[in-house]
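Step one of this worksheet: look at the structure below.
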Amino acid sequence: MIQREAFPVVLAFPPQGHFTQPYLALPCLKSWLESKGFDDVTLRDLSIEAYDHFLSPDYLTWAKSRVEERLPLADLESKSELPFEDMRAWRSAVEVAVSADALIEEVDGAKAVLRGEGCYDTDQYIPAVRALYHGLRLVSAAHFPSELTPHNFTMRYANDRSHEILAATQDEDENPFVRYFRDEILPGLVEKQPRVLGLSVIYGSQLVPALTLGRMVKAALPNCHITAGGGFLAYIGKKLMHAKGIEDCMDSMIFHEGEIPLEQLCTTLRDGSDDLSEVGSLTWFDRRGESVVTVENTPAHPVKLDDAPIPNFDGLPLERYMSPEVVIPYDINRGCYYGECTFCTLPTVIGPGFRERSAETIAKHVVQLRDRHKTARFNFITDCMPPGMIRDLPEALIEAEANITWWSDARVEPKAYGVDGAQKLYEAGCRKLLFGFETATPRLLKMMKKGQSLRGVVEVSDNCAKAGISVTWYAMVGFPSETTEEARSTLQFIQEHSDSVREVSLQTFHIDEVSQVYREPDKFGLVMHDDPEADLQLYHDYELAEGVSEGGMTQEEAAEMFEEMMGGLRASLPLFSGDNIFYFRQKSHYFLNLSRGVTPDDFIANAALRTAARSERDAHPDLAPVEGLVMRDLAFGYTGVLETLAHPLARAARPDFLTGRFVADAEAEARKRLGSAAREPRVLAYDRTNHDFVELRPDGRRALSALQKAGTLNALMERLDPDAPNAARAFENLTAFARNLYKLGLLAPEGQHQLTPMSSTPTPVSTPEIEHAR
């Protein structure tokens, strides 16, 4: 028997990905390698590990002191006016000044709420989510101007220029992952001595962290081969592999599907060869000569998906995700069976072709994963479920007695999602479906080659909603030649069908060079503008061709329309109103509530009631200030600064997970057009009970301080002289002020305002049995 040399492999998911559930790619790769004889494969979700590390009392304490050194508030407050270029720094400094101590004390409790039964209690959930968001604001301020959120990671370095990305990997002041990797991750990797480190880069927000880690590992472990793959690299990977200096951060890149290429790569390296020319779908740095040469290999054969082994999540810290129950992702197919949409590039970059597992295989795997990980919650990964699968999968899940709940993306197929079909999906555990609606303009749907009608969209959505399945629509604004009137018609159409549509994932349209829109701009009335300085450019600027797209929105107009449409959605969709939107933003949390037997109608009704109840709050005698309020005098208006930073020009300089597009000159243009903030005395309060920032006028602080001294509104009223001049007006003003503070959460009925710290121990979650019938 041949004894092979130990060949450790580490597969890592770099920061930043969403923190509510694990990602699927690496468990698929681990399972495949193990089925081929590689018995030492370790999974690391460095993203959830990083979030857990950053959102800790020790790290936040360090971050607070660092912010005080790097962003001295006194210097910013001494200015005669606050220029645009200082607004982000000022905002960060004032928020840290009032919130840091509360966040340090409460962050463990907030994580425990999301990981326990408290996640299903709105009164605990909303403050806990806010606390984590604000905790990440504190982390970001320590590395200003970088920003880490639950949805994104950005730095001042442009993501489409390789020399800036490489500089970012070595900037310890602004890149929080330099210190984190060096102190927390690298020692364990050095001890492990992996022969291969595989990095899964799905999002653009992961690029700098991935290359940061790659650089460190190459320096510390020269015999470790570093390879990377994933959705984002399928777009820019070839450019990246030809960029000068990337060879210091990695050795190769796998394009598209990873199972067979990674197996071939590991086999070749284990056999002692440095000739990687036979590894399919691999682009690699050949270091055998005097200079490093980039080599592009031919594509590998696709995996027969039904023969692929069940994904193996062993080794991932499932208990550390910010959810009370782990939601397991599972790929029922790969690619898109439709593959015609002119704006969509997923069929191209996922490759190769459309393949699916049989319904019987899916059901068998789901039952095994359910039993192994003690969870009945699943996210079926699919670009769109084919009609045959819509029919077959429910039957297979019911026959296998899977007793699970699940959600997935879907395509509008009226025949498949009939009344009976939707009901059967519900009985098989489906609780949420996301459909590509896009727009209410038939002309644009035809340009997009969506192959669907508005009537069909409504029919499918109504059938699903009546069956008890929550419906989400994907929508976009700014498709070439779309007018402002057409965009408003889309908003109106959504609002008219809000009885069936619970969520809308709205994004601005942007063009990447893989799409048909980029390759054939004349068909869409566009003139493309490529940036010769952006060697990693993915999204491209464009303008409307003269005389071709009369009335169409410019990119800036589309960004402004995005804000208008989001405002309309907040006003008309209960799940988007006020702080209810946190359920939409956290990837799995709304779905988990549905999985507990709450119907979409009931959840939406409760959200609407909660919003209405807060807006209808009125003053009454026993109102008292909530405990733990922290207040600070400001030289500038906090709300005004936030409004300026929310302007489309300001957001284009720092794209978030909704707007997406980076505009290189947006910062300079915003500086010129948005101007400065004048001095305007204000007070910023931090309510540590609700974990919210509230701005007051100076006289508001005086009145609030008087309320704190008196104890209750009634006690303060009794101190007023009813015979004094203007007494009636004073009573009226004080009552109105108390009413507003009650709505804002700074006052509460006496006996309900005591500060109760969140427990740092999650309350255990019990998963009730899932019944097949409603």
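Simple scheme: letters A, B, ... for chains in structure tokens order, numbers from 1 for residues in each chain, numbers from 1 for ligands in the order shown.
When DSSP reads the backbone of this structure, the residues of region 334-391 of chain A it assigns to alpha helix (DSSP H) are Leu346, Pro347, Thr348, Val349, Ile350, Ala359, Glu360, Thr361, Ile362, Ala363, Lys364, His365, Val366, Val367, Gln368, Leu369, Arg370, Asp371, Arg372, His373, Pro387, Gly388, Met389, Ile390 and Arg391 of chain A.
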Which of region 294-537 of chain A counts as strand (DSSP E or B) under DSSP, as a PyMOL selection string please? chain A and resi 294-296+327-331+333-334+355-356+377-381+405-410+430-438+470-477+501-508+511-512+526-529
What's the separation between CA of Gly258 (chain A) and CA of Arg288 (chain A), in Å to one decimal place? 24.9 Å
Please provide the set of residues having any atom within 9 Å of region 628-637 of chain A, restricted to only C-alpha atoms, with same-chain residues fewer than 5 positions apart removed, written as a PDB file with N, CA and C atoms, in the first residue's frame.
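What ended up in selection.pdb:
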```pdb
ATOM      1  N   GLU A  77     -14.829  70.256  15.187  1.00  0.00           N
ATOM      2  CA  GLU A  77     -15.878  71.146  15.683  1.00  0.00           C
ATOM      3  C   GLU A  77     -15.441  72.606  15.682  1.00  0.00           C
ATOM      4  N   SER A  78     -14.150  72.853  15.618  1.00  0.00           N
ATOM      5  CA  SER A  78     -13.657  74.243  15.684  1.00  0.00           C
ATOM      6  C   SER A  78     -13.745  74.972  14.353  1.00  0.00           C
ATOM      7  N   LYS A  79     -14.094  74.283  13.287  1.00  0.00           N
ATOM      8  CA  LYS A  79     -14.136  74.896  11.961  1.00  0.00           C
ATOM      9  C   LYS A  79     -15.307  75.866  11.854  1.00  0.00           C
ATOM     10  N   GLU A  81     -17.024  76.291   9.177  1.00  0.00           N
ATOM     11  CA  GLU A  81     -18.017  75.520   8.437  1.00  0.00           C
ATOM     12  C   GLU A  81     -17.446  74.131   8.202  1.00  0.00           C
ATOM     13  N   LEU A  82     -18.320  73.166   7.947  1.00  0.00           N
ATOM     14  CA  LEU A  82     -17.877  71.781   7.788  1.00  0.00           C
ATOM     15  C   LEU A  82     -17.891  71.443   6.298  1.00  0.00           C
ATOM     16  N   VAL A  94     -18.526  62.029  16.019  1.00  0.00           N
ATOM     17  CA  VAL A  94     -19.610  62.350  16.951  1.00  0.00           C
ATOM     18  C   VAL A  94     -20.394  61.097  17.335  1.00  0.00           C
ATOM     19  N   ALA A  97     -18.409  59.280  19.920  1.00  0.00           N
ATOM     20  CA  ALA A  97     -18.388  60.000  21.196  1.00  0.00           C
ATOM     21  C   ALA A  97     -19.603  59.683  22.059  1.00  0.00           C
ATOM     22  N   VAL A  98     -20.767  59.492  21.435  1.00  0.00           N
ATOM     23  CA  VAL A  98     -21.975  59.272  22.244  1.00  0.00           C
ATOM     24  C   VAL A  98     -22.351  57.794  22.384  1.00  0.00           C
ATOM     25  N   SER A  99     -21.852  56.937  21.489  1.00  0.00           N
ATOM     26  CA  SER A  99     -22.341  55.550  21.487  1.00  0.00           C
ATOM     27  C   SER A  99     -21.317  54.509  21.941  1.00  0.00           C
ATOM     28  N   ALA A 102     -21.728  52.527  25.359  1.00  0.00           N
ATOM     29  CA  ALA A 102     -22.896  51.650  25.362  1.00  0.00           C
ATOM     30  C   ALA A 102     -22.670  50.424  24.486  1.00  0.00           C
ATOM     31  N   LEU A 642     -26.119  63.918   7.510  1.00  0.00           N
ATOM     32  CA  LEU A 642     -26.558  62.617   7.008  1.00  0.00           C
ATOM     33  C   LEU A 642     -27.273  62.756   5.669  1.00  0.00           C
ATOM     34  N   ALA A 677     -21.415  72.522   5.344  1.00  0.00           N
ATOM     35  CA  ALA A 677     -22.466  72.701   6.348  1.00  0.00           C
ATOM     36  C   ALA A 677     -22.110  73.891   7.224  1.00  0.00           C
ATOM     37  N   ALA A 678     -23.076  74.804   7.392  1.00  0.00           N
ATOM     38  CA  ALA A 678     -22.856  75.964   8.250  1.00  0.00           C
ATOM     39  C   ALA A 678     -22.944  75.545   9.716  1.00  0.00           C
ATOM     40  N   ARG A 679     -22.331  76.378  10.589  1.00  0.00           N
ATOM     41  CA  ARG A 679     -22.420  76.096  12.020  1.00  0.00           C
ATOM     42  C   ARG A 679     -23.879  76.201  12.457  1.00  0.00           C
ATOM     43  N   GLU A 680     -24.298  75.248  13.247  1.00  0.00           N
ATOM     44  CA  GLU A 680     -25.699  75.139  13.632  1.00  0.00           C
ATOM     45  C   GLU A 680     -25.761  74.345  14.929  1.00  0.00           C
ATOM     46  N   PRO A 681     -25.792  75.018  16.079  1.00  0.00           N
ATOM     47  CA  PRO A 681     -25.742  74.297  17.355  1.00  0.00           C
ATOM     48  C   PRO A 681     -26.843  73.248  17.457  1.00  0.00           C
ATOM     49  N   ARG A 682     -26.444  72.042  17.754  1.00  0.00           N
ATOM     50  CA  ARG A 682     -27.365  70.931  17.915  1.00  0.00           C
ATOM     51  C   ARG A 682     -26.855  70.028  19.042  1.00  0.00           C
ATOM     52  N   VAL A 683     -27.674  69.062  19.423  1.00  0.00           N
ATOM     53  CA  VAL A 683     -27.305  68.090  20.445  1.00  0.00           C
ATOM     54  C   VAL A 683     -27.577  66.704  19.868  1.00  0.00           C
ATOM     55  N   LEU A 684     -26.623  65.787  20.031  1.00  0.00           N
ATOM     56  CA  LEU A 684     -26.829  64.411  19.601  1.00  0.00           C
ATOM     57  C   LEU A 684     -26.980  63.526  20.830  1.00  0.00           C
ATOM     58  N   ALA A 685     -28.100  62.814  20.869  1.00  0.00           N
ATOM     59  CA  ALA A 685     -28.364  61.882  21.972  1.00  0.00           C
ATOM     60  C   ALA A 685     -28.263  60.462  21.464  1.00  0.00           C
ATOM     61  N   TYR A 686     -27.761  59.575  22.318  1.00  0.00           N
ATOM     62  CA  TYR A 686     -27.745  58.144  21.992  1.00  0.00           C
ATOM     63  C   TYR A 686     -28.584  57.414  23.010  1.00  0.00           C
ATOM     64  N   ASP A 687     -29.646  56.806  22.511  1.00  0.00           N
ATOM     65  CA  ASP A 687     -30.550  56.036  23.346  1.00  0.00           C
ATOM     66  C   ASP A 687     -30.038  54.603  23.390  1.00  0.00           C
ATOM     67  N   ARG A 688     -29.442  54.217  24.490  1.00  0.00           N
ATOM     68  CA  ARG A 688     -28.810  52.904  24.567  1.00  0.00           C
ATOM     69  C   ARG A 688     -29.815  51.788  24.823  1.00  0.00           C
ATOM     70  N   THR A 689     -31.069  52.153  25.085  1.00  0.00           N
ATOM     71  CA  THR A 689     -32.111  51.140  25.188  1.00  0.00           C
ATOM     72  C   THR A 689     -32.521  50.658  23.802  1.00  0.00           C
ATOM     73  N   GLU A 695     -31.272  63.555  17.167  1.00  0.00           N
ATOM     74  CA  GLU A 695     -30.772  64.934  17.196  1.00  0.00           C
ATOM     75  C   GLU A 695     -31.793  65.857  17.864  1.00  0.00           C
ATOM     76  N   PRO A 698     -30.718  72.787  21.097  1.00  0.00           N
ATOM     77  CA  PRO A 698     -30.237  73.054  22.464  1.00  0.00           C
ATOM     78  C   PRO A 698     -31.363  73.224  23.480  1.00  0.00           C
ATOM     79  N   ARG A 701     -32.545  69.918  24.628  1.00  0.00           N
ATOM     80  CA  ARG A 701     -31.707  69.297  25.670  1.00  0.00           C
ATOM     81  C   ARG A 701     -32.057  69.862  27.035  1.00  0.00           C
ATOM     82  N   LEU A 746     -37.083  58.479  23.227  1.00  0.00           N
ATOM     83  CA  LEU A 746     -36.296  59.022  24.335  1.00  0.00           C
ATOM     84  C   LEU A 746     -37.094  59.100  25.627  1.00  0.00           C
ATOM     85  N   GLN A 754     -36.570  51.551  32.363  1.00  0.00           N
ATOM     86  CA  GLN A 754     -35.317  51.134  32.973  1.00  0.00           C
ATOM     87  C   GLN A 754     -34.433  50.415  31.952  1.00  0.00           C
ATOM     88  N   LEU A 755     -33.154  50.660  32.055  1.00  0.00           N
ATOM     89  CA  LEU A 755     -32.186  50.027  31.163  1.00  0.00           C
ATOM     90  C   LEU A 755     -31.931  48.601  31.620  1.00  0.00           C
TER      91      LEU A 755
END
```
